[in-house]
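Structure, as structure tokens:
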Amino acid sequence: MEALVASAVAVMTAVGVYLILRRQTFPVVLGTAMLSYAVNVFLFATGRLVVNMPPVLSDTATGYTDPLPQALVLTAIVISFGMTAVVVLMALGSFIASGDDGIDLGEGRE
Amino acid sequence: MIATALTFAFACFGLALLLNLWRVVRAPGVSDRVLALDTMVVNVIALLVLYGIQQGTAVYFEAAVLIAMVGFVSTVAYAKFMLRGDIVE
Amino acid sequence: MGARNDRKSLRMNLALIVILPFLGALLPGVLIRSGRSAAALGAGLATALAFAGVLAHLPQVLAGEAVATRIDWLPALGLSASFRLDGLAALFALLILGIGLLILLYARFYLARSDPAGRFFTYLMLFQGAMLGIVLSDNILLLLIFWELTSLSSFLLIGYWSHKPEARAGALMALVVTATGGLAMIAGMLILGGIAGSYEISAIVEAGAAIRGSSQYPLALALILLGAFTKSAQFPFHFWLPRAMAAPTPVSAYLHSATMVKAGVFLLARLWPVLSGTPEWFYAVTTVGLVTMLWGATVALFRTDLKALLAYSTVSHLGLIVMLLGFGTKAAALAAVFHIINHASFKAALFMGAGIIDHETGTRDIDLLGGLRRLMPITFGLATLAALSMAGVPLLNGFLSKEMMLEAAAHTPYLGNVWLLPGLATLGALISAGYSFRLISLTFLGPERNDYPKPPHDPGPGLWLSPAVLVAVVVTVGLWPALAQPLVSAAAAAAVGGDLPEVALKIWHGVTPALAMSGIALAGGALLLTQQRRLQRAGGALARLDAGAIYTALITTAESGARRLSEALHDGAMARALAALVLVAVAAGGWAFASAGIGLQTRPMLAVNPVVGVGWLALIVASLCLPLFHRDRLLALVLIGIIGLMVSVGFVYLSAPDLALTQITVEVVTVVLMLLALNFLPKLSVAEPAPRRARDAVIAAGAGLGIGALIYALMRRDFAAPTISGYHLENAYTGGGGTNVVNVILVDFRGYDTFGEIIVLGIAALVIYALADVLLRRPNLRRLMAWSPDQPRAGDAHPVMLVVATRLVLPVALMVGVYIFLRGHNAPGGGFVAGLVVSIALVMQYMASGLAWAEARQRFEYHSLIGAGVLIAGLTGLGAWFAGRPFLTSVFGYVHLPPLEKFELASAMGFDLGVFLTVVGAVMLALASLSRLSWRAMTDERRRGEGS
Amino acid sequence: MNHWIIAPVVLPALLAPLLVLLARNDLRAQRLLSGAGTVGFAVLAGVLLVQASAGGIGVYRLGDWPAPFGIVLVADRLATLMLGLSAALALAVLAHVIGTGWDARGRHFHALFQFQLMGLAGAFLTGDAFNLFVFFEVMLIASYGLMIHGGGRARLRAGVQYVVMNLAGSVLFLFALGTIYAVTGTLNMADLAVKAAAVPASEAGLLRVGAVLLLLVFAIKAALVPLQFWLPATYASAPGPVAALFAILTKVGVYAILRMFTLGFGVDGPAGDIGGALLLPAAGVTLLLGMIGVMGARDLGQMAAFAVIGSVGTLMLGVAMFTPAATGAALFYLIHSTLAAGAMFLVADLVRGQRGGLRLVPGPRMANHGLLAALFFAVAIGVAGMPPLPGFLGKLLILDAARAEPAVWAIWAAILVGSLLAVAGLARAGAALFWATSDAAVPEPSQPLALAGIAGLLAALVALTAAAGPVSGWLNAAAAALYAPAPYIAAVLGGGAP
Amino acid sequence: MRKLFPHPQLTLLLAVVWLLLVNQITLGSLVMAALLGTAIPVLTGPYWPDRPRLRNLPMIVIYLAIVLWDIVIANFIVARIVLFMPNAKLRTAWVAVPLRLTRPEAITVLAATITLTPGTISADLSADGRTLLVHCLHAPDPEAVLHDIQTRYEARLLEIFA
Amino acid sequence: MVWDLLITGFLVLAGVFGFVGSFGLVKLPDPMTRLHAPTKATTLGVGGVLIASMLFFATKQGHISAHELLITLFLFLTAPVSAHFLAKANLHGDRPEGLPQPEGSEWATFSPGTDTAAEALAETGDAPPLTPPEGRDH
Ligand code: NA
Ligand code: NA
């Protein structure tokens, strides 16, 4: 399982990195979304992997997974959601204001 | 007996998921892929419920409920986008 | 007791003397509305006071005592405001202030009514203060500060007539050259201080032997000399000085006679006991001085602009002084000090004279002048006396110090040759006489002309008074050199650090080699004058040789090189910035890891079942499709949807239901947002060249491998120390009142994080709203209205089935939201997910029935929801203050109302309510803002009849 | 419990939603509330600064949970210094914003401004590594809003880059925090100090990876080469007063490096060498590249932005030595460079307001030309690190502290050459903007408040020069405390609150 | 009373949903169900401008039973086609169903029913809302499909949404 | 035992239909026909799983679980809507040959400016207002 998770994180990271290196805003935004998936899984996995031991206290539970990384990931998800929303709209704004959605600043700026 | 049936169901829905994946990779257009995603969502719900049965816990139901709701919304959103471009108008 | 104090109080504190010019700098600015005279008077008053202050200390100083004062400033550095007035300092201070007074007077009449006189006097006073600071500093760091200040204030002065391009260029050049030297000097001074263990000059002087013996001495010497030479316009850094002549004449007169350029000379004199006496010193300083003297004099011979001629002559005379200091003998040092006074007096007078001529005739070009002796007799008299002094004609002060120079040169072997220095020194004096005679001859002698740009006549006394005073000094000292003896001796004694050979200043020393050399020089000078024409033809090319041009080329190249480098690097290519980050992260991470290594893996792997494998495959395949298919943007979003789904399911499987709920709900809102934006954006990304894609793929693979390996290594081993989350599991129920530990961490243990997080969300919405608002204004609005869909649009904006279905879904979803909210503390869920669920239900209304319809039914303004949410969360946290507990301390309890079951009430729920409201407000505000854009874009479209 | 410590976070955090809730359509009310709030923020910062000066380390346990299990705030000298500096800058910026009417050019300026203050306060005061992330994000997202305030093509495009770069940084931040947590099992900085020191050799490699990634995150914020690419366009395109406020944002990166690498990882710990090894060369190159940018810039906005990079390089040279003396010197320079850069952007904004642009070409003579020229000259002196403003002293302090370094000559050369480039560039800019004017005059805007803001910053710089001795003594004590973290650790992890 | 219960049927539905969600029937959950069942319709009132009046409860039950049965059958039919019929033999067809139903809610229920039942999908509605477009997976006789839809479902819905 | 059989039966049936739904998605020849399989079979498949789950928890763990009903209801409510939309999307992409014409009208998808909800609802007196929401500026 660890290998699966690690390879998934690796692939998502690689895809995210590849996308943020594109030259238009939209794929870059997709790339940041991919990277946040990757990092969320990464952060989650730092609590080590456990199956069927959710961190919900009960008398019958045999053990619990580490709840702290989960809380951290939740915070991270929410924050990256806010950030994504902002960057999406900024990309749109940049497109509307400048007529193309390239991400480079290019020549001839005022 | 139930265990065997569970395994069978797992296998069926797992295969279904693979088929969906195939359709995602090889499809003539986006609408087919959206359909594949929509189907995937439903298959995943089934898998989650199966997993709940297997583990004897109901703790995964909320996830299933939300996935159902959310899968619908995104399918509609994709479709509306294909139709109108503007999903809120 | 009283008497002593009284006497002492008459003597001004040195720090106050230094501050006076700076205070004086404020006056002109304040007084300028009362006219030039008031401004000059204000400045003059401060100068005069400072002058008097120095004079008051003079008896003591001439007696060989030094006056000192010291205020600790930055002890950690060894920087103190230490001032010390010894003979050398007094000599310079009197020159600076005395000539300063004359310059102020002269400038008052020189400046035109249209010149901003307030600024002029302010700059001049700043400069004066900086100069005074240099000469009075007893701490080299303090000296450095004033040193840099002279560079800055002279920049302002030289560029005063800023409308002239040559003034701007000259100011920039002077600043850059002197600043270069200044910066080098900083390093040199730091080395000195390091060896001496103190930055106090007195301490450094004491450590002279140690310094000269240090291995760092040559470096320190080179750096300090660089500072001194640039400031004193020594070859090859002399080129800035002639260009600084673009300044108004009073400035030239001040900077280039008594002050700015003398700062370097002063420094050499100041550090003479520390640095001199070594072969390095001798050859470096003497050679540079000698070359400068000859080169400056030679160029001066060919200049036709009066001020340029004087400027090169200044260069030459500074070379002379520097050369004397380089000799390293006390006699030569004495000569140097004496020549400093003499040069200051005749050169200031000459500059002022040149200014008068320029002022009255409208030109400074000696080719256009001549024959002025009758038209401007006063000027003629003054300038001629000063110029003859410069030529070294007996009975004027220039002669005396030149004699001493020649005498010193005559006794100084150079490179083992006893004739070399005397010969070259005589040559220098000869040329000096030559250009001095030429100046007099071409300006004043010869026939009167009728083509002067302005009819020449002598100016009023306001202009000639100052040079007259200086010429009086020239003559007086020339005739009675003994009058200058005390000051010169005291100064020289201070410079050489102690006892001085008994050298009396007098006109007649008997028949000495120097006398012969002097005679040769004067005769040769006269001969040069007669050979004018021939000389000009031969030397024209030489005169055009200009280090300044090299400098200009250099600086232009540096500037354009800097621009090219900087712009090439910062050309706004995003990918470069990101690639740099990724590559550095991979490389640095690899280095950090490799430099320490890792132990064995300690945790066994979890088993995998086939269905999980399928999920993994789906995730991997969808991810890998993304780089392949991403150009079709809608498809990319669908793929992202699949990845998000699989990640959520993975979270469920790996015991993280809360994460799954959050991930899946956030995901759909994100997709909706992206679709809203994609409506406007191109639906297809541009294709990029294969090499670029391949390169990026390599970078991406590196990053993926790195991160994958890292997380794999982390997962396969245990914590090095017990994790703090054990405490959370133990105390969630007893201390936090909830069984869903993740939620208790979110709203309690780490509620503060969550507080920050909802604020992020709230801000995001505000930013989006504000941005949408900007986009809805001109000029963006015009573009927005001109936008039209880039793909064919189907009919049917609000299909019936969706409208009906979503209206049923809304209340049910709200119910689900409430349910998830309430159970969050004890089971997966909570305010955040609940907020998203409710938002999604509302979004469905927008999608089904449209913005207008949904907004018309909106009960609460989304802004208010955000505000209220953050406030509720914050105030819940603050509530704890009233119980004397920290922010966000929670309370909970179990309520039992008889017929009902026991239920829990926790303050954390109030906090979670805040979270809930913020989330709903933020998500909806963001979506509504985005939707509004397309609404505006489409109303126009509708008017045109719905596309096709 | 000393509630003063949380107050600088809570005040803007509650004021901002109030602004949104009650005053979002009333600019006057916004100004009043925002102004009062910022003054209040400054007062709170002052109180904390005074408290920290007494030498105590204030600890605030949020939610009343013991450290390291809950989140703690820690007010020591360094934190309160940064807080005070932020407050000083914020006051000047706000005066400028109100004085020039920048806040009327878009929505929600004041709410975003207050949130920005909240983010800064939170980042400086927190004693928890993950909470630092959260407040970085608060700070950043508010800065996104401020950065694109008023819109415009160049600003939006640069804004996208700014956001994307920081998103990448946030991802890296989480990778780093995850790694650190996975090794040490803690997030509390003081606890991390204890646990990192005890990390066995078998885990040291992983901890070092976490540390190095964290260093990169902070290096992005600080705009260290080669992570500086985002800064020039961002600062040059942001509204003037916002760029001025951003002068403190780069310093947050510097602060975080100091905090994490003196306390969190410990200079003697298994990850202790990382900061120095990587930072020193990077800082030198940053300094030179920044100043080369100053030398070559085509407009004043760019030039000011490159000057920020250059000053960060100088500052980082001081930090990278990781000795108490060098850190004290760096802190001195930090105060100076923050205020000077802020003032530079504010002056540039006034100039832009009248000239319409900042290209270094002859333009119309401005109405209050002389005054602006004088302000520019003063501020340029500050930015170039020339006397009498305190940058010169700061540089001398750093140069002096570098004596003990093996790379002393390289450090000296970098700083001195950098200064020369800055002087040359700034002088050229001043000459182009204020000396080479055409005669077309521009009507004079009445902006006394904006001028007061700049004057305030300059006054602060002058005061810093005058009080260099005591200030540097204070800073050296702050620096010394960083290298002797035992009291900090004891205050955080020890029993009750002090 | 109307203000408090703008939509009694919805109230009831929501109360049931709540009980399904909390998965228990206790006094507490009943109280909560009642509270929410009351509050949410009031809150969402504006989104329900026009409430369909459902009559004829027995007919609703019959209709549901028929549909449920048809769904099961539909699935067997579709399964057979998918698994065993070669694509070449597939006789797809489009059918335009003229509607007698006018209420949007009724049309929606009909369309949903058609989609869930044998081999048909309601693909579109005409612009005037009077014709439904149905796609048949395998319909050698499209007229029969039309007939089925009209008699089996639409007629009953007409009675329900009177 | 009976319960076990029943649960097993539901599970098997569910598995089969679940598979069929996705198989159809791959096998059927064009986008319109592909729509049929998942909307019916997969929905029923998941329904079967849910019923099995209800039975399982009721009989094995002794607590009546009604969550599943909720999910089932929801899926049955939404699946037709999704299918309807995707069908419209297919139509929009490429108008099929042999499409019948509605009497006196045009299919909404091909009819610019149409708002079937608005028109359908207009008869009941509540058309969505088509005025821009500018007035409600926040
Ligand atoms: Na959270
Ligand atoms: Na708490």
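Here's how to read the names in the structure tokens: chain A, B, ... by the order shown, residue numbers from 1 in each chain, ligand numbers from 1 in the order shown.
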
*Using DSSP on the backbone coordinates, identify all residues within chain F classified as helix (DSSP H, G or I); present the result as a PyMOL selection string.*
chain F and resi 2-27+31-60+67-93+108-110+116-122+133-136

*Kindly provide, as an MDAnalysis selection string, the residues of chain F having any atom no farther than 8 Å from an atom of chain E, counting only C-alpha atoms.*
chainID F and resid 17 20:21 23:24 27:29 32:33 36:37 39:41 44 64:67 69:70 77 80:81 83:85 87:88 98:103 105:109 111 114:117 119:121 124 126

_Env of Ser31 (chain B): 12 Å cut, atoms = only C-alpha atoms, seq-sep filter 3 positions within chain, self excluded. Answer as a PyMOL selection string._
(chain B and resi 23-24+27-28+34-38+75-83) or (chain C and resi 634-635+638) or (chain F and resi 25+30-32+34-35+82-83+85-94)

*Which chains and residue numbers are within 7 Å of ligand 1, counting only C-alpha atoms and all ligand atoms, if I want them as a ChimeraX atom specification?*
/A:71,74-75,78 /C:746,754,757

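Excluding Ala348 (chain C) itself and same-chain residues fewer than 5 positions from it, the residues having an atom within 7 Å of it are Ala253, Tyr254 and Ser257 of chain C, counting only C-alpha atoms.
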
Generate a file of the selected residues that holds N, CA and C atoms, formatted as a short mmCIF file (atom, residue, chain, number, x, y, z; two decimals), in the first residue's frame.
```
data_model
loop_
_atom_site.label_atom_id
_atom_site.label_comp_id
_atom_site.auth_asym_id
_atom_site.auth_seq_id
_atom_site.Cartn_x
_atom_site.Cartn_y
_atom_site.Cartn_z
N ALA C 253 34.62 76.88 -7.52
CA ALA C 253 35.63 77.55 -6.71
C ALA C 253 35.78 76.89 -5.35
N TYR C 254 34.67 76.49 -4.82
CA TYR C 254 34.69 75.92 -3.48
C TYR C 254 35.21 74.49 -3.51
N SER C 257 38.99 74.06 -4.97
CA SER C 257 40.14 74.75 -4.42
C SER C 257 40.38 74.27 -3.00
#
```

With only C-alpha atoms and all ligand atoms counted and 9 Å as the cut-off, give the residues of chain C in contact with ligand 2, each with its shortest interatomic distance in Å and the pair that gives it, as CSV.
```
residue,atom,partner,partner_atom_place_in_ligand_line,distance
C:Gly735,CA,ligand 2,1 (Na),9.0
C:Gly736,CA,ligand 2,1 (Na),7.3
C:Val744,CA,ligand 2,1 (Na),8.7
C:Ile745,CA,ligand 2,1 (Na),8.9
C:Val747,CA,ligand 2,1 (Na),6.9
C:Asp748,CA,ligand 2,1 (Na),3.9
C:Phe749,CA,ligand 2,1 (Na),5.7
C:Arg750,CA,ligand 2,1 (Na),7.6
C:Gly751,CA,ligand 2,1 (Na),6.4
C:Tyr752,CA,ligand 2,1 (Na),8.4
C:Gly877,CA,ligand 2,1 (Na),7.8
C:Ala880,CA,ligand 2,1 (Na),8.9
C:Pro886,CA,ligand 2,1 (Na),8.5
C:Phe887,CA,ligand 2,1 (Na),7.6
C:Leu888,CA,ligand 2,1 (Na),4.5
C:Thr889,CA,ligand 2,1 (Na),3.6
C:Ser890,CA,ligand 2,1 (Na),4.1
C:Val891,CA,ligand 2,1 (Na),7.7
C:Ser907,CA,ligand 2,1 (Na),8.6
C:Ala908,CA,ligand 2,1 (Na),7.2
```

Could you save those same residues with all heavy atoms as a compact mmCIF listing (two decimals), in the first residue's frame?
```
# COMPACT_ATOMS: atom_id res chain seq x y z
N GLY C 735 -11.31 16.41 27.19
CA GLY C 735 -10.98 17.83 27.22
C GLY C 735 -11.68 18.63 26.14
O GLY C 735 -11.88 19.83 26.28
N GLY C 736 -12.07 17.97 25.06
CA GLY C 736 -12.67 18.70 23.95
C GLY C 736 -14.12 18.35 23.72
O GLY C 736 -14.81 19.00 22.94
N VAL C 744 -12.24 17.68 16.66
CA VAL C 744 -11.84 18.35 17.90
C VAL C 744 -10.51 19.08 17.69
O VAL C 744 -10.31 20.18 18.20
CB VAL C 744 -11.75 17.33 19.07
CG1 VAL C 744 -11.26 18.02 20.32
CG2 VAL C 744 -13.10 16.70 19.31
N ILE C 745 -9.63 18.48 16.93
CA ILE C 745 -8.38 19.18 16.64
C ILE C 745 -8.69 20.47 15.87
O ILE C 745 -8.19 21.55 16.19
CB ILE C 745 -7.43 18.30 15.80
CG1 ILE C 745 -6.94 17.12 16.64
CG2 ILE C 745 -6.24 19.11 15.32
CD1 ILE C 745 -6.06 16.15 15.86
N VAL C 747 -11.50 22.29 15.71
CA VAL C 747 -12.22 23.38 16.36
C VAL C 747 -11.69 23.68 17.75
O VAL C 747 -12.09 24.65 18.37
CB VAL C 747 -13.75 23.10 16.45
CG1 VAL C 747 -14.32 22.98 15.05
CG2 VAL C 747 -14.03 21.88 17.26
N ASP C 748 -10.81 22.84 18.24
CA ASP C 748 -10.37 23.05 19.61
C ASP C 748 -8.84 23.07 19.76
O ASP C 748 -8.25 24.13 19.90
CB ASP C 748 -11.00 21.99 20.51
CG ASP C 748 -11.11 22.48 21.95
OD1 ASP C 748 -10.27 23.30 22.35
OD2 ASP C 748 -12.02 22.05 22.66
N PHE C 749 -8.22 21.91 19.65
CA PHE C 749 -6.77 21.88 19.83
C PHE C 749 -6.07 22.88 18.91
O PHE C 749 -5.15 23.58 19.30
CB PHE C 749 -6.20 20.48 19.53
CG PHE C 749 -6.59 19.44 20.53
CD1 PHE C 749 -7.42 18.39 20.17
CD2 PHE C 749 -6.13 19.49 21.83
CE1 PHE C 749 -7.77 17.41 21.07
CE2 PHE C 749 -6.48 18.51 22.75
CZ PHE C 749 -7.31 17.47 22.37
N ARG C 750 -6.50 22.85 17.67
CA ARG C 750 -5.89 23.76 16.70
C ARG C 750 -6.95 24.65 16.07
O ARG C 750 -6.91 24.97 14.87
CB ARG C 750 -5.13 22.98 15.62
CG ARG C 750 -4.00 22.12 16.17
CD ARG C 750 -3.19 21.49 15.07
NE ARG C 750 -2.43 22.49 14.35
CZ ARG C 750 -1.21 22.91 14.71
NH1 ARG C 750 -0.61 22.40 15.75
NH2 ARG C 750 -0.60 23.83 14.01
N GLY C 751 -7.90 25.09 16.91
CA GLY C 751 -8.95 25.96 16.41
C GLY C 751 -8.39 27.24 15.82
O GLY C 751 -8.97 27.84 14.91
N TYR C 752 -7.26 27.63 16.32
CA TYR C 752 -6.63 28.87 15.85
C TYR C 752 -6.22 28.74 14.38
O TYR C 752 -6.37 29.68 13.60
CB TYR C 752 -5.43 29.15 16.74
CG TYR C 752 -4.70 30.43 16.49
CD1 TYR C 752 -5.34 31.66 16.61
CD2 TYR C 752 -3.36 30.42 16.17
CE1 TYR C 752 -4.65 32.84 16.41
CE2 TYR C 752 -2.65 31.59 15.97
CZ TYR C 752 -3.30 32.80 16.09
OH TYR C 752 -2.62 33.97 15.88
N GLY C 877 -14.29 32.69 20.28
CA GLY C 877 -12.96 32.54 20.85
C GLY C 877 -12.69 33.55 21.96
O GLY C 877 -12.11 33.23 22.98
N ALA C 880 -13.82 33.35 25.85
CA ALA C 880 -13.00 32.74 26.91
C ALA C 880 -12.32 33.79 27.78
O ALA C 880 -12.01 33.53 28.94
CB ALA C 880 -11.96 31.82 26.28
N PRO C 886 -7.46 31.77 27.84
CA PRO C 886 -6.97 32.27 26.54
C PRO C 886 -8.01 32.15 25.43
O PRO C 886 -8.97 31.38 25.53
CB PRO C 886 -5.78 31.35 26.23
CG PRO C 886 -5.48 30.63 27.47
CD PRO C 886 -6.72 30.61 28.29
N PHE C 887 -7.73 32.92 24.39
CA PHE C 887 -8.53 32.92 23.16
C PHE C 887 -8.79 31.47 22.73
O PHE C 887 -7.90 30.63 22.76
CB PHE C 887 -7.72 33.64 22.08
CG PHE C 887 -8.46 33.92 20.80
CD1 PHE C 887 -9.57 34.72 20.79
CD2 PHE C 887 -8.00 33.39 19.60
CE1 PHE C 887 -10.23 34.98 19.61
CE2 PHE C 887 -8.65 33.65 18.41
CZ PHE C 887 -9.77 34.45 18.42
N LEU C 888 -10.05 31.22 22.36
CA LEU C 888 -10.44 29.92 21.80
C LEU C 888 -10.50 28.78 22.82
O LEU C 888 -10.59 27.62 22.44
CB LEU C 888 -9.52 29.50 20.65
CG LEU C 888 -9.69 30.26 19.34
CD1 LEU C 888 -8.65 29.82 18.33
CD2 LEU C 888 -11.08 30.08 18.76
N THR C 889 -10.44 29.12 24.12
CA THR C 889 -10.64 28.05 25.10
C THR C 889 -12.11 27.63 25.03
O THR C 889 -13.00 28.46 25.05
CB THR C 889 -10.32 28.54 26.52
OG1 THR C 889 -9.01 29.10 26.50
CG2 THR C 889 -10.39 27.39 27.50
N SER C 890 -12.34 26.34 24.93
CA SER C 890 -13.72 25.90 24.73
C SER C 890 -14.33 25.43 26.04
O SER C 890 -13.63 25.06 26.97
CB SER C 890 -13.75 24.76 23.72
OG SER C 890 -13.07 23.66 24.25
N VAL C 891 -15.64 25.49 26.08
CA VAL C 891 -16.38 24.85 27.19
C VAL C 891 -17.43 23.96 26.54
O VAL C 891 -17.91 24.24 25.45
CB VAL C 891 -17.08 25.87 28.10
CG1 VAL C 891 -16.06 26.55 28.97
CG2 VAL C 891 -17.88 26.86 27.31
N SER C 907 -19.05 25.20 23.13
CA SER C 907 -18.73 26.48 22.51
C SER C 907 -18.07 26.25 21.15
O SER C 907 -18.16 27.08 20.26
CB SER C 907 -17.79 27.28 23.42
OG SER C 907 -16.56 26.61 23.53
N ALA C 908 -17.42 25.09 21.03
CA ALA C 908 -16.79 24.79 19.75
C ALA C 908 -17.82 24.78 18.62
O ALA C 908 -17.49 25.03 17.46
CB ALA C 908 -16.09 23.45 19.81
```

_Coordinates-based distance that separates CA of Ile73 (chain E) from CA of Leu99 (chain E) (Å, one decimal)_ =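 It comes out at 24.6 Å.
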
*With a distance cut-off of 8 Å and only C-alpha atoms, select the neighbouring residues of region 9-21 of chain B, excluding the residue or stretch itself and same-chain residues fewer than 6 positions from it, and output the selection as a ChimeraX atom specification.*
/B:36-37,39-40,43-44,46-47,50 /C:611,614-615,618,621-622 /F:11-12,14-16,18-23,25-26

*Would you list the contacts of region 445-454 of chain C as a PyMOL selection string, taking every protein, DNA or RNA residue within 12 Å and counting only C-alpha atoms, but skipping same-chain residues closer than 6 positions in sequence?*
chain C and resi 357-377+380-381+384+437-439

*With a distance cut-off of 6 Å and only C-alpha atoms, select the neighbouring residues of region 109-119 of chain D, excluding the residue or stretch itself and same-chain residues fewer than 2 positions from it, and output the selection as number ranges by chain.*
D: 9, 12-13, 16, 103, 107, 121-122, 135, 138-139, 142

Go ahead and save the picked residues with N, CA and C atoms, as an mmCIF file, in the first residue's frame.
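Full text of out-v5.cif as output:
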```
data_model
loop_
_atom_site.group_PDB
_atom_site.id
_atom_site.type_symbol
_atom_site.label_atom_id
_atom_site.label_comp_id
_atom_site.auth_asym_id
_atom_site.auth_seq_id
_atom_site.Cartn_x
_atom_site.Cartn_y
_atom_site.Cartn_z
ATOM 1 N N VAL D 9 -3.463 40.036 16.704
ATOM 2 C CA VAL D 9 -4.088 39.172 15.701
ATOM 3 C C VAL D 9 -5.595 39.393 15.708
ATOM 4 N N PRO D 12 -7.246 43.161 14.198
ATOM 5 C CA PRO D 12 -7.567 43.257 12.767
ATOM 6 C C PRO D 12 -8.487 42.146 12.290
ATOM 7 N N ALA D 13 -8.383 40.978 12.915
ATOM 8 C CA ALA D 13 -9.222 39.860 12.475
ATOM 9 C C ALA D 13 -10.691 40.158 12.713
ATOM 10 N N ALA D 16 -11.701 43.646 10.410
ATOM 11 C CA ALA D 16 -11.908 43.447 8.975
ATOM 12 C C ALA D 16 -13.326 42.954 8.665
ATOM 13 N N ASP D 103 -7.497 53.860 -1.913
ATOM 14 C CA ASP D 103 -8.504 52.925 -1.405
ATOM 15 C C ASP D 103 -9.827 53.047 -2.138
ATOM 16 N N ARG D 107 -12.549 47.654 -4.513
ATOM 17 C CA ARG D 107 -13.329 47.295 -3.335
ATOM 18 C C ARG D 107 -12.449 46.740 -2.234
ATOM 19 N N ALA D 121 0.930 39.726 11.853
ATOM 20 C CA ALA D 121 1.024 39.545 13.306
ATOM 21 C C ALA D 121 1.026 38.066 13.648
ATOM 22 N N GLY D 122 0.138 37.326 12.996
ATOM 23 C CA GLY D 122 0.062 35.904 13.284
ATOM 24 C C GLY D 122 1.357 35.192 12.945
ATOM 25 N N PHE D 135 -0.754 31.295 8.722
ATOM 26 C CA PHE D 135 -0.716 32.753 8.692
ATOM 27 C C PHE D 135 0.068 33.279 7.496
ATOM 28 N N VAL D 138 -2.719 33.487 5.143
ATOM 29 C CA VAL D 138 -3.573 34.653 5.397
ATOM 30 C C VAL D 138 -2.909 35.894 4.810
ATOM 31 N N MET D 139 -1.648 35.996 5.133
ATOM 32 C CA MET D 139 -0.871 37.128 4.677
ATOM 33 C C MET D 139 -0.826 37.178 3.145
ATOM 34 N N ALA D 142 -4.285 37.907 1.413
ATOM 35 C CA ALA D 142 -4.594 39.334 1.520
ATOM 36 C C ALA D 142 -3.692 40.118 0.569
#
```

*asked:* Give me, as a PyMOL selection string, the residues of chain B touching chain E, with the criterion being at most 10 Å (counting only C-alpha atoms).
replied: chain B and resi 61-62+65

*Write down, as an NGL selection string, each residue of chain A that has any atom within 12 Å of an atom of chain B, counting only C-alpha atoms.*
:A and (51-58 or 60-61)

*Show me which bits of chain C are within 8 Å of chain B, counting only C-alpha atoms, as a PyMOL selection string.*
chain C and resi 611+614-615+618+621-622+625+634-635+638+641-642+645+649+652+657+660-661+664-665+668+671-672+675-676+679+789+791-795+797+828+837+840+844+846-852+931+934-935

_Based on only C-alpha atoms, which of the residues in chain C come within 9 Å of chain F? I want them as number ranges by chain._
C: 792-805, 809, 849-856, 861-863, 932, 935-936, 939, 942, 945-948
